[in-house]
>>> print(open('protein-v9.cif').read())   # mmCIF, C-alpha atoms
data_coords
#
loop_
_atom_site.label_atom_id
_atom_site.label_comp_id
_atom_site.auth_asym_id
_atom_site.auth_seq_id
_atom_site.Cartn_x
_atom_site.Cartn_y
_atom_site.Cartn_z
CA MET A 1 63.18 207.14 52.29
CA ILE A 2 65.20 210.31 52.62
CA THR A 3 63.82 210.87 56.10
CA SER A 4 64.68 207.39 57.28
CA ALA A 5 68.23 207.73 56.04
CA ILE A 6 68.92 211.10 57.65
CA GLY A 7 66.71 210.54 60.66
CA ASP A 8 69.09 207.97 62.07
CA SER A 9 71.55 210.24 63.86
CA LYS A 10 74.14 207.49 64.16
CA ALA A 11 74.09 207.12 60.40
CA LEU A 12 74.47 210.89 60.02
CA GLN A 13 77.52 210.75 62.22
CA ALA A 14 78.88 207.96 60.09
CA ILE A 15 78.43 210.07 56.97
CA GLN A 16 80.15 213.02 58.56
CA ASN A 17 83.05 210.92 59.76
CA THR A 18 83.52 208.75 56.72
CA PRO A 19 85.75 210.44 54.23
CA VAL A 20 84.07 210.33 50.85
CA GLN A 21 87.26 210.17 48.88
CA PRO A 22 88.23 207.83 46.07
CA ASN A 23 91.25 206.44 47.85
CA GLY A 24 90.31 205.78 51.45
CA ALA A 25 93.83 204.64 52.32
CA GLU A 26 95.27 208.15 51.98
CA MET A 27 93.04 209.37 54.75
CA LEU A 28 94.47 206.98 57.30
CA SER A 29 97.17 208.06 59.63
CA ALA A 30 99.74 205.56 60.78
CA SER A 31 98.04 204.30 63.89
CA GLU A 32 97.52 200.73 64.83
CA GLY A 33 94.18 199.06 65.40
CA PHE A 34 91.08 199.55 63.39
CA GLU A 35 90.03 202.75 65.14
CA LYS A 36 90.50 205.42 62.51
CA ILE A 37 88.64 203.61 59.75
CA LEU A 38 85.82 202.30 61.78
CA ASN A 39 85.02 205.42 63.72
CA GLY A 40 81.26 205.63 63.68
CA LEU A 41 80.63 202.22 62.19
CA GLY A 42 79.12 201.14 65.45
CA ALA A 43 80.48 200.03 68.78
CA ASN A 44 79.82 196.37 68.01
CA ALA A 45 82.08 196.13 65.02
CA PHE A 46 84.77 198.11 66.77
CA GLU A 47 84.73 195.82 69.80
CA ALA A 48 84.63 192.62 67.76
CA LEU A 49 87.58 193.76 65.67
CA ARG A 50 89.64 194.81 68.65
CA THR A 51 88.92 191.53 70.43
CA GLY A 52 89.62 189.59 67.25
CA GLU A 53 92.96 191.26 66.73
CA ALA A 54 93.96 190.88 70.38
CA THR A 55 92.99 187.20 70.46
CA ALA A 56 94.86 186.54 67.24
CA ILE A 57 97.96 188.20 68.63
CA ALA A 58 97.63 186.21 71.85
CA ALA A 59 97.30 182.96 69.90
CA ILE A 60 100.39 183.72 67.85
CA GLU A 61 102.27 184.35 71.07
CA GLY A 62 101.00 181.06 72.42
CA LYS A 63 98.77 182.67 75.05
CA ALA A 64 95.41 181.82 73.52
CA SER A 65 94.11 178.60 71.99
CA THR A 66 93.48 177.97 68.32
CA GLN A 67 89.81 177.61 69.11
CA GLN A 68 89.63 181.03 70.74
CA ALA A 69 91.53 182.72 67.94
CA VAL A 70 89.39 181.22 65.21
CA MET A 71 86.11 182.09 66.96
CA ALA A 72 87.20 185.66 67.71
CA THR A 73 88.40 186.16 64.13
CA MET A 74 85.15 184.87 62.67
CA GLU A 75 83.16 187.18 64.95
CA ALA A 76 85.29 190.10 63.85
CA GLU A 77 84.79 189.25 60.20
CA LYS A 78 81.02 188.96 60.60
CA SER A 79 80.77 192.25 62.47
CA LEU A 80 82.93 194.01 59.94
CA GLN A 81 80.90 192.73 57.02
CA ALA A 82 77.67 193.90 58.67
CA ALA A 83 79.12 197.29 59.51
CA LEU A 84 80.52 197.80 56.01
CA ALA A 85 77.19 196.85 54.45
CA ILE A 86 75.46 199.50 56.53
CA ARG A 87 78.11 202.08 55.76
CA ASP A 88 77.84 201.43 52.03
CA LYS A 89 74.08 201.82 52.10
CA VAL A 90 74.34 205.06 54.06
CA VAL A 91 76.98 206.48 51.74
CA SER A 92 74.99 205.68 48.61
CA ALA A 93 71.86 207.22 50.17
CA PHE A 94 73.87 210.35 50.96
CA LEU A 95 75.15 210.51 47.39
CA GLU A 96 71.63 210.22 46.07
CA ILE A 97 70.53 213.03 48.31
CA SER A 98 73.40 215.27 47.35
CA ARG A 99 72.54 214.77 43.70
CA MET A 100 69.09 216.08 44.38
CA GLN A 101 70.22 219.34 45.92
CA ILE A 102 70.35 221.78 43.04
CA MET B 1 97.32 201.15 59.04
CA PRO B 2 95.10 198.83 61.01
CA GLY B 3 96.24 195.36 61.96
CA ILE B 4 99.88 196.08 61.21
CA GLN B 5 100.98 194.90 64.61
CA LEU B 6 99.26 191.58 63.99
CA MET B 7 100.73 191.17 60.51
CA ASN B 8 104.27 191.90 61.60
CA LEU B 9 103.95 189.46 64.46
CA ALA B 10 102.52 186.79 62.17
CA VAL B 11 105.38 187.19 59.71
CA GLN B 12 107.91 186.77 62.49
CA LYS B 13 106.06 183.69 63.76
CA ALA B 14 106.12 182.21 60.26
CA ASP B 15 109.88 182.73 60.09
CA TRP B 16 110.42 181.24 63.52
CA LEU B 17 108.30 178.21 62.63
CA SER B 18 110.17 177.72 59.36
CA VAL B 19 113.53 177.74 61.06
CA ARG B 20 112.20 175.33 63.67
CA GLN B 21 111.02 173.03 60.89
CA SER B 22 114.49 172.97 59.37
CA ILE B 23 116.09 172.14 62.73
CA LEU B 24 113.57 169.37 63.46
CA ALA B 25 114.24 168.02 59.96
CA GLN B 26 117.91 167.84 60.88
CA ASN B 27 117.09 165.90 64.02
CA VAL B 28 114.99 163.38 62.12
CA ALA B 29 117.58 163.00 59.38
CA ASN B 30 120.31 162.47 61.97
CA ALA B 31 118.36 160.08 64.18
CA ASN B 32 121.04 157.46 63.62
CA THR B 33 124.14 159.63 63.39
CA PRO B 34 126.67 158.76 66.10
CA SER B 35 127.27 161.45 68.74
CA TYR B 36 124.51 163.62 67.32
CA HIS B 37 122.50 165.56 69.89
CA ALA B 38 118.99 166.76 69.17
CA LYS B 39 118.73 170.49 68.50
CA ASP B 40 115.94 173.02 68.90
CA ILE B 41 115.59 176.79 68.66
CA VAL B 42 114.91 179.37 71.36
CA PRO B 43 111.21 179.87 72.22
CA PHE B 44 109.24 182.38 70.19
CA GLU B 45 109.07 184.94 73.03
CA SER B 46 112.86 184.99 73.33
CA PHE B 47 113.19 185.35 69.59
CA LEU B 48 110.77 188.29 69.68
CA ASP B 49 112.67 189.95 72.50
CA SER B 50 115.96 189.76 70.66
CA ALA B 51 114.24 190.95 67.52
CA GLN B 52 112.86 194.02 69.34
CA LEU B 53 116.38 194.74 70.47
CA THR B 54 117.69 194.63 66.93
CA MET B 55 114.88 196.86 65.70
CA ALA B 56 115.40 199.38 68.47
CA THR B 57 119.05 199.81 67.67
CA SER B 58 118.61 200.06 63.93
CA ASN B 59 117.67 203.23 62.06
CA GLU B 60 114.48 204.70 63.51
CA ARG B 61 113.25 205.78 60.08
CA HIS B 62 112.84 202.13 59.11
CA ILE B 63 109.39 201.42 60.41
CA ASN B 64 109.17 198.14 58.64
CA VAL B 65 112.34 196.18 59.25
CA SER B 66 111.90 193.10 57.15
CA ALA B 67 111.98 189.90 59.11
CA SER B 68 114.77 188.45 57.03
CA ALA B 69 117.03 191.31 58.00
CA LEU B 70 116.80 190.21 61.59
CA GLU B 71 118.99 187.51 63.00
CA SER B 72 117.98 183.89 62.90
CA PRO B 73 116.72 182.42 66.13
CA GLN B 74 119.44 180.77 68.10
CA VAL B 75 119.90 177.06 67.87
CA LYS B 76 120.56 175.24 71.08
CA GLN B 77 121.47 171.64 71.68
CA ASP B 78 119.47 169.38 73.88
CA ARG B 79 121.80 167.21 75.89
CA SER B 80 119.04 165.61 77.94
CA GLY B 81 117.30 162.36 77.20
CA GLU B 82 118.79 158.91 76.91
CA SER B 83 121.66 158.44 74.59
CA ALA B 84 122.16 155.33 72.55
CA HIS B 85 125.48 153.52 72.69
CA SER B 86 126.52 155.64 69.72
CA GLY B 87 125.99 158.86 71.65
CA ASN B 88 122.85 159.77 69.71
CA ASN B 89 119.96 161.07 71.80
CA VAL B 90 117.29 161.71 69.18
CA SER B 91 113.86 160.39 70.06
CA LEU B 92 111.79 160.12 66.90
CA GLU B 93 108.55 160.27 68.87
CA ASN B 94 109.54 163.61 70.40
CA GLU B 95 110.62 165.03 67.09
CA LEU B 96 107.44 163.91 65.35
CA LEU B 97 105.39 165.45 68.14
CA LYS B 98 107.20 168.77 67.76
CA LEU B 99 106.76 168.57 64.01
CA GLY B 100 103.02 168.14 64.44
CA GLU B 101 102.93 171.19 66.71
CA THR B 102 104.91 173.24 64.24
CA ASN B 103 102.60 172.29 61.41
CA SER B 104 99.39 173.19 63.21
CA GLN B 105 100.82 176.46 64.52
CA PHE B 106 101.84 177.32 60.98
CA ALA B 107 98.36 176.54 59.66
CA LEU B 108 96.73 178.76 62.29
CA ASN B 109 99.23 181.54 61.65
CA THR B 110 98.63 181.47 57.90
CA GLY B 111 94.87 181.31 58.38
CA LEU B 112 94.92 184.38 60.61
CA ILE B 113 97.01 186.29 58.09
CA LYS B 114 94.52 185.41 55.39
CA SER B 115 91.48 186.48 57.43
CA PHE B 116 92.87 189.74 58.67
CA HIS B 117 94.26 190.65 55.29
CA ARG B 118 90.78 190.10 53.91
CA MET B 119 89.29 192.34 56.59
CA ILE B 120 91.83 195.09 56.05
CA SER B 121 91.25 194.98 52.28
CA ALA B 122 87.47 195.08 52.71
CA SER B 123 87.57 198.02 55.07
CA LEU B 124 89.77 200.01 52.73
CA LYS B 125 87.39 199.85 49.80
CA MET C 1 117.09 183.28 57.40
CA GLY C 2 117.21 182.08 53.78
CA ASP C 3 114.51 179.70 52.90
CA ALA C 4 114.35 177.47 55.93
CA LEU C 5 111.57 175.33 54.52
CA ILE C 6 113.58 174.52 51.42
CA SER C 7 116.49 173.60 53.69
CA ALA C 8 114.18 171.35 55.66
CA MET C 9 113.22 169.55 52.48
CA LYS C 10 116.82 169.15 51.40
CA THR C 11 117.73 167.79 54.82
CA SER C 12 114.88 165.28 54.80
CA ALA C 13 115.69 164.22 51.25
CA SER C 14 119.21 163.39 52.36
CA GLY C 15 117.70 161.45 55.25
CA LEU C 16 115.60 159.42 52.82
CA GLU C 17 118.67 158.58 50.78
CA ALA C 18 120.68 157.60 53.81
CA GLN C 19 117.97 155.33 55.21
CA SER C 20 117.48 153.74 51.80
CA MET C 21 121.13 152.83 51.72
CA ARG C 22 120.79 151.43 55.22
CA VAL C 23 117.83 149.27 54.17
CA ARG C 24 119.89 147.97 51.27
CA ILE C 25 122.77 146.98 53.54
CA ILE C 26 120.45 145.26 56.00
CA SER C 27 118.75 143.40 53.14
CA GLU C 28 122.13 142.17 51.97
CA ASN C 29 122.90 140.93 55.47
CA LEU C 30 119.57 139.14 55.68
CA ALA C 31 119.89 137.58 52.26
CA ASN C 32 123.34 136.24 53.11
CA ALA C 33 122.62 135.06 56.64
CA GLN C 34 123.37 131.51 55.58
CA SER C 35 125.98 132.13 52.90
CA THR C 36 128.95 129.99 53.73
CA GLY C 37 132.15 129.67 51.72
CA SER C 38 132.67 127.25 48.83
CA THR C 39 136.04 125.75 49.66
CA PRO C 40 137.06 123.88 52.83
CA GLY C 41 137.81 126.19 55.76
CA SER C 42 136.97 129.33 53.79
CA ASP C 43 135.29 132.42 55.25
CA PRO C 44 131.55 132.97 54.90
CA PHE C 45 129.70 136.21 54.27
CA ARG C 46 130.77 138.94 56.67
CA ARG C 47 128.10 141.25 58.06
CA LYS C 48 128.10 144.85 56.81
CA THR C 49 127.47 147.94 58.88
CA ILE C 50 126.73 151.49 57.80
CA THR C 51 127.68 154.74 59.51
CA PHE C 52 126.03 158.11 58.97
CA GLY C 53 127.44 161.56 59.50
CA GLU C 54 126.41 165.20 59.40
CA GLU C 55 127.29 167.15 56.32
CA LEU C 56 126.97 170.84 55.54
CA ASP C 57 125.54 171.71 52.16
CA ARG C 58 127.63 174.73 51.24
CA MET C 59 125.18 176.16 48.72
CA SER C 60 122.09 176.34 50.88
CA GLY C 61 123.64 176.24 54.33
CA ALA C 62 121.44 173.29 55.18
CA THR C 63 122.76 170.49 57.35
CA LEU C 64 122.39 167.17 55.60
CA VAL C 65 123.10 163.60 56.58
CA ASP C 66 125.08 161.25 54.44
CA VAL C 67 126.71 157.86 54.50
CA LYS C 68 130.17 158.23 55.98
CA SER C 69 131.20 154.63 55.53
CA VAL C 70 130.11 151.07 54.96
CA GLN C 71 132.22 148.69 56.97
CA THR C 72 132.38 145.02 57.75
CA ASP C 73 131.60 143.70 61.17
CA GLN C 74 134.70 142.13 62.66
CA THR C 75 132.84 139.91 65.09
CA PRO C 76 134.37 136.44 64.73
CA PHE C 77 132.45 133.78 62.85
CA GLY C 78 130.60 131.05 64.72
CA LEU C 79 131.13 127.39 63.89
CA GLU C 80 128.56 124.80 62.95
CA PHE C 81 129.12 121.09 62.70
CA ASP C 82 128.26 120.14 59.12
CA PRO C 83 130.79 117.70 57.60
CA GLY C 84 128.90 117.41 54.29
CA ASN C 85 129.27 121.13 53.59
CA PRO C 86 131.86 122.15 50.96
CA ALA C 87 133.17 124.72 53.43
CA ALA C 88 133.67 122.19 56.19
CA ASN C 89 137.19 122.09 57.59
CA ALA C 90 139.12 118.95 58.46
CA ALA C 91 137.14 118.51 61.68
CA GLY C 92 133.82 118.94 59.87
CA TYR C 93 133.08 122.44 61.13
CA VAL C 94 131.81 125.23 58.91
CA LYS C 95 132.33 128.90 59.61
CA MET C 96 128.92 130.68 59.64
CA PRO C 97 128.17 134.31 58.77
CA ASN C 98 128.20 136.65 61.78
CA VAL C 99 124.64 137.76 61.02
CA ASN C 100 122.06 137.70 63.78
CA LEU C 101 118.63 137.50 62.16
CA ILE C 102 116.79 138.99 65.11
CA LEU C 103 119.10 141.98 65.29
CA GLU C 104 118.89 142.56 61.54
CA MET C 105 115.07 142.45 61.59
CA ALA C 106 114.96 144.96 64.42
CA ASP C 107 117.38 147.19 62.57
CA MET C 108 115.28 146.89 59.43
CA ARG C 109 112.17 147.98 61.32
CA GLU C 110 114.02 150.99 62.71
CA ALA C 111 115.35 151.91 59.29
CA ASN C 112 111.84 151.82 57.86
CA ARG C 113 110.55 153.95 60.69
CA SER C 114 113.28 156.50 60.12
CA TYR C 115 112.54 156.49 56.43
CA GLU C 116 108.85 157.13 57.05
CA SER C 117 109.66 159.93 59.48
CA ASN C 118 111.86 161.69 56.96
CA LEU C 119 109.11 161.31 54.40
CA GLN C 120 106.66 162.93 56.77
CA VAL C 121 108.95 165.91 57.21
CA VAL C 122 109.18 166.32 53.44
CA LYS C 123 105.41 166.27 53.09
CA GLN C 124 104.89 168.66 55.94
CA SER C 125 107.49 171.15 54.73
CA ARG C 126 105.92 171.08 51.29
CA GLU C 127 102.53 171.73 52.84
CA MET C 128 103.86 174.73 54.74
CA ILE C 129 105.33 176.22 51.59
CA SER C 130 102.02 175.57 49.84
CA MET C 131 100.02 177.32 52.56
CA THR C 132 102.20 180.39 52.27
CA ILE C 133 101.89 180.62 48.50
CA ASP C 134 98.16 180.09 48.84
CA LEU C 135 97.92 183.44 50.63
CA LEU C 136 98.39 185.08 47.28
CA ARG C 137 95.33 183.31 46.00
CA GLY C 138 91.83 184.35 47.05
CA GLY C 139 93.04 186.44 49.97
CA ASN C 140 90.72 189.23 48.93
#
>>> encode(input="protein-v9.cif", output="C-alpha cells")
Amino acid sequence: MITSAIGDSKALQAIQNTPVQPNGAEMLSASEGFEKILNGLGANAFEALRTGEATAIAAIEGKASTQQAVMATMEAEKSLQAALAIRDKVVSAFLEISRMQI
Amino acid sequence: MPGIQLMNLAVQKADWLSVRQSILAQNVANANTPSYHAKDIVPFESFLDSAQLTMATSNERHINVSASALESPQVKQDRSGESAHSGNNVSLENELLKLGETNSQFALNTGLIKSFHRMISASLK
Amino acid sequence: MGDALISAMKTSASGLEAQSMRVRIISENLANAQSTGSTPGSDPFRRKTITFGEELDRMSGATLVDVKSVQTDQTPFGLEFDPGNPAANAAGYVKMPNVNLILEMADMREANRSYESNLQVVKQSREMISMTIDLLRGGN
C-alpha cells in the first residue's frame, strides 16, 4: 500500500506541491484562475476548470449560450471533485506514512 | 484567489439586470401614460466599459470596488416604434419579451455564481 | 444603484393600482351604457375617462404611475326616438349616453392585459430577489 502510494510519481509531485497547512487560503497569492491551487492535481481538472470559467465569463458577456455555460460548468465541477478526491487520498496516505517514520 | 474575475463580472451583471428590470417595470406600468416613451438601459458591454473607466481612475489600492459604488447604467429613451394617438409608444409584447430575457439571464447568472462559489469553497478545504 | 428590484416591484404595484382604477371606470361606463335621465329633456350618463401620469417616488427614487385625473367625455349625446321614455323631450327624443359598447369592451380587454403584465413583473422581480437570497443557502 505504501509502495503504490509513493510509486505514482504524479501523486508524489502533488504531495510536494500541495501545502499541508491548516488554512490553505493563506498560501494563495492573489492571482486569478485556478492555477495556484490546482497545480499538480492533474491536467484534466486544470483544463476543465479553465474552460468552465472562460465559458461562464463568455455567457455572462452574452458571447456563449446558456447551454454551453451549463455544460462547461458541470464538467468543471465533476473534474474538480475527482481531482480533490484523489488529492485527499494522497494527502492522508502521506500523513500515515509520516507517522510511521520514527 | 481563483475565479475572482468571474465573480466580479457576475455581480456586475446582476446589478445591470436588476436596473434593467426596474426600467422595464416602468415601461409596463406606463403602457397607457400619454406621451410616455419606452426606456431601456445601455447594453452590458457598454456598462462594463464605463465601469472599467471608473475603476481605473479610482484609488489603485482598492482592488475590490464594490459594484454599488459604480455609477448606474445609463437610461436611454427609445423613440422608435409606433406611437398611439396619446404619444405613447410602449409595446407590451416587446417589454414582456425583454422581461423574459432578463429573467433567464438572471437565473443563469445566479446559477453560475452558486456553482463556482461551491467549487472555490471545495478547493480551499 | 439602490435596490433596483425593490423599485421594480414598487413600480409594478403602482401599475396594478392604476389599471384597477381604469377597470373600475370602464365597468361604470358599461353598466351605465343605457342610463338615461329621469325628467323630460334631461342629460343621461356621461362617459368617464381616466388619465395616467408618471410620478417620482421621492423615498425610493422609483418612477411610479398614478391616476392624474378622471374626466368626463364631452362628446355630445346621441338621440333616440322613444316617446314613452320619461326623459323624452317634446319631440319624443331621448338623449342617450355617449358610451360605445364596442370601444369600452376593447378598452376593458386592454386594461386587463396591462394588469396581467404588471402582475407578471411583480412575480418576476420577486423571483429574482428570491434567487439572490437563495445563494446564501446551500451554496457550499
>>> resolve_selection(input="protein-v9.cif", expression="the PyMOL selection byres ((chain B) within 8 of (chain C))", output="VMD selection string")
chain B and resid 15 18 to 19 21 to 23 25 to 26 28 to 34 68 71 to 72 92 96 99 103 106 to 107 110 114 to 115 117 to 118 121 to 122
>>> atom_distance(input="protein-v9.cif", atom1="atom CA of Val42 of chain B", atom2="atom CA of Lys123 of chain C")
24.4 Å
>>> interface_residues(input="protein-v9.cif", of="chain B", to="chain A", cutoff="6 Å", atoms="only C-alpha atoms", output="PyMOL selection string")
chain B and resi 1-3+6+124
>>> atom_distance(input="protein-v9.cif", atom1="atom CA of Met105 of chain C", atom2="atom CA of Ser20 of chain C")
15.1 Å
>>> resolve_selection(input="protein-v9.cif", expression="the PyMOL selection byres ((chain C and resi 77-80) around 6)", output="list in words")
Pro76, Phe81, Tyr93, Val94, Lys95, Met96, Pro97 and Asn98 of chain C
>>> resolve_selection(input="protein-v9.cif", expression="the PyMOL selection byres ((chain B and resi 13) around 9)", output="number ranges by chain")
A: 60-61; B: 8-12, 14-18, 44, 48, 105-106, 109
>>> atom_distance(input="protein-v9.cif", atom1="atom CA of Glu93 of chain B", atom2="atom CA of Lys76 of chain B")
19.3 Å
>>> residues_around(input="protein-v9.cif", residues="segment 37-47 of chain C", least_positions_apart="4", cutoff="12 Å", atoms="all atoms listed in the file", output="VMD selection string")
chain C and resid 25 to 33 70 to 80 82 to 101 103 to 104
>>> closest_residue(input="protein-v9.cif", among="B:Leu108, B:Gly100, B:Asn27, B:Ala38", to="Gln77 of chain B", atoms="all atoms listed in the file")
B:Ala38
>>> decode(input="protein-v9.cif", residues="segment 88-122 of chain B", atoms="N, CA and C atoms", output="short mmCIF file (atom, residue, chain, number, x, y, z; two decimals), in the first residue's frame")
data_model
loop_
_atom_site.label_atom_id
_atom_site.label_comp_id
_atom_site.auth_asym_id
_atom_site.auth_seq_id
_atom_site.Cartn_x
_atom_site.Cartn_y
_atom_site.Cartn_z
N ASN B 88 -47.87 57.67 -26.73
CA ASN B 88 -47.24 56.55 -26.03
C ASN B 88 -46.78 55.51 -27.04
N ASN B 89 -45.52 55.04 -26.88
CA ASN B 89 -45.04 54.06 -27.86
C ASN B 89 -44.64 52.74 -27.23
N VAL B 90 -45.22 52.44 -26.07
CA VAL B 90 -44.87 51.18 -25.40
C VAL B 90 -45.59 50.01 -26.06
N SER B 91 -44.80 48.98 -26.40
CA SER B 91 -45.42 47.76 -26.93
C SER B 91 -45.28 46.71 -25.84
N LEU B 92 -46.41 46.29 -25.28
CA LEU B 92 -46.36 45.33 -24.19
C LEU B 92 -45.65 44.04 -24.59
N GLU B 93 -45.86 43.61 -25.83
CA GLU B 93 -45.22 42.36 -26.28
C GLU B 93 -43.71 42.48 -26.17
N ASN B 94 -43.17 43.60 -26.69
CA ASN B 94 -41.73 43.84 -26.63
C ASN B 94 -41.22 43.84 -25.20
N GLU B 95 -41.94 44.55 -24.35
CA GLU B 95 -41.50 44.65 -22.97
C GLU B 95 -41.52 43.29 -22.29
N LEU B 96 -42.58 42.52 -22.53
CA LEU B 96 -42.68 41.20 -21.92
C LEU B 96 -41.56 40.28 -22.42
N LEU B 97 -41.22 40.43 -23.69
CA LEU B 97 -40.13 39.65 -24.27
C LEU B 97 -38.83 39.97 -23.55
N LYS B 98 -38.56 41.28 -23.40
CA LYS B 98 -37.33 41.71 -22.74
C LYS B 98 -37.31 41.26 -21.28
N LEU B 99 -38.49 41.26 -20.68
CA LEU B 99 -38.56 40.81 -19.28
C LEU B 99 -38.20 39.34 -19.18
N GLY B 100 -38.70 38.55 -20.12
CA GLY B 100 -38.38 37.13 -20.14
C GLY B 100 -36.89 36.90 -20.26
N GLU B 101 -36.26 37.66 -21.16
CA GLU B 101 -34.80 37.59 -21.35
C GLU B 101 -34.07 37.90 -20.07
N THR B 102 -34.49 39.00 -19.45
CA THR B 102 -33.85 39.45 -18.22
C THR B 102 -33.92 38.38 -17.15
N ASN B 103 -35.10 37.77 -17.03
CA ASN B 103 -35.28 36.75 -16.03
C ASN B 103 -34.37 35.55 -16.25
N SER B 104 -34.31 35.07 -17.49
CA SER B 104 -33.50 33.87 -17.73
C SER B 104 -32.02 34.17 -17.62
N GLN B 105 -31.61 35.37 -18.01
CA GLN B 105 -30.20 35.74 -17.84
C GLN B 105 -29.85 35.79 -16.36
N PHE B 106 -30.79 36.30 -15.56
CA PHE B 106 -30.56 36.41 -14.14
C PHE B 106 -30.42 35.04 -13.52
N ALA B 107 -31.28 34.11 -13.95
CA ALA B 107 -31.24 32.75 -13.42
C ALA B 107 -29.91 32.09 -13.74
N LEU B 108 -29.45 32.24 -14.97
CA LEU B 108 -28.15 31.66 -15.37
C LEU B 108 -27.03 32.26 -14.54
N ASN B 109 -27.05 33.59 -14.43
CA ASN B 109 -26.03 34.31 -13.70
C ASN B 109 -25.94 33.81 -12.25
N THR B 110 -27.09 33.72 -11.61
CA THR B 110 -27.13 33.27 -10.21
C THR B 110 -26.66 31.83 -10.10
N GLY B 111 -27.07 31.00 -11.05
CA GLY B 111 -26.66 29.60 -11.04
C GLY B 111 -25.15 29.46 -11.15
N LEU B 112 -24.56 30.27 -12.02
CA LEU B 112 -23.10 30.21 -12.20
C LEU B 112 -22.39 30.64 -10.94
N ILE B 113 -22.90 31.69 -10.30
CA ILE B 113 -22.30 32.15 -9.05
C ILE B 113 -22.32 31.03 -8.03
N LYS B 114 -23.47 30.35 -7.94
CA LYS B 114 -23.61 29.28 -6.97
C LYS B 114 -22.59 28.17 -7.23
N SER B 115 -22.52 27.72 -8.49
CA SER B 115 -21.62 26.62 -8.84
C SER B 115 -20.16 26.96 -8.58
N PHE B 116 -19.74 28.12 -9.04
CA PHE B 116 -18.34 28.46 -8.89
C PHE B 116 -17.97 28.75 -7.45
N HIS B 117 -18.91 29.29 -6.70
CA HIS B 117 -18.65 29.51 -5.29
C HIS B 117 -18.43 28.17 -4.59
N ARG B 118 -19.25 27.20 -5.00
CA ARG B 118 -19.14 25.86 -4.45
C ARG B 118 -17.77 25.28 -4.76
N MET B 119 -17.33 25.46 -6.01
CA MET B 119 -16.04 24.91 -6.42
C MET B 119 -14.89 25.58 -5.69
N ILE B 120 -14.98 26.90 -5.56
CA ILE B 120 -13.92 27.62 -4.86
C ILE B 120 -13.86 27.16 -3.41
N SER B 121 -15.02 27.04 -2.77
CA SER B 121 -15.05 26.59 -1.37
C SER B 121 -14.46 25.20 -1.24
N ALA B 122 -14.84 24.30 -2.14
CA ALA B 122 -14.36 22.92 -2.06
C ALA B 122 -12.85 22.86 -2.24
#
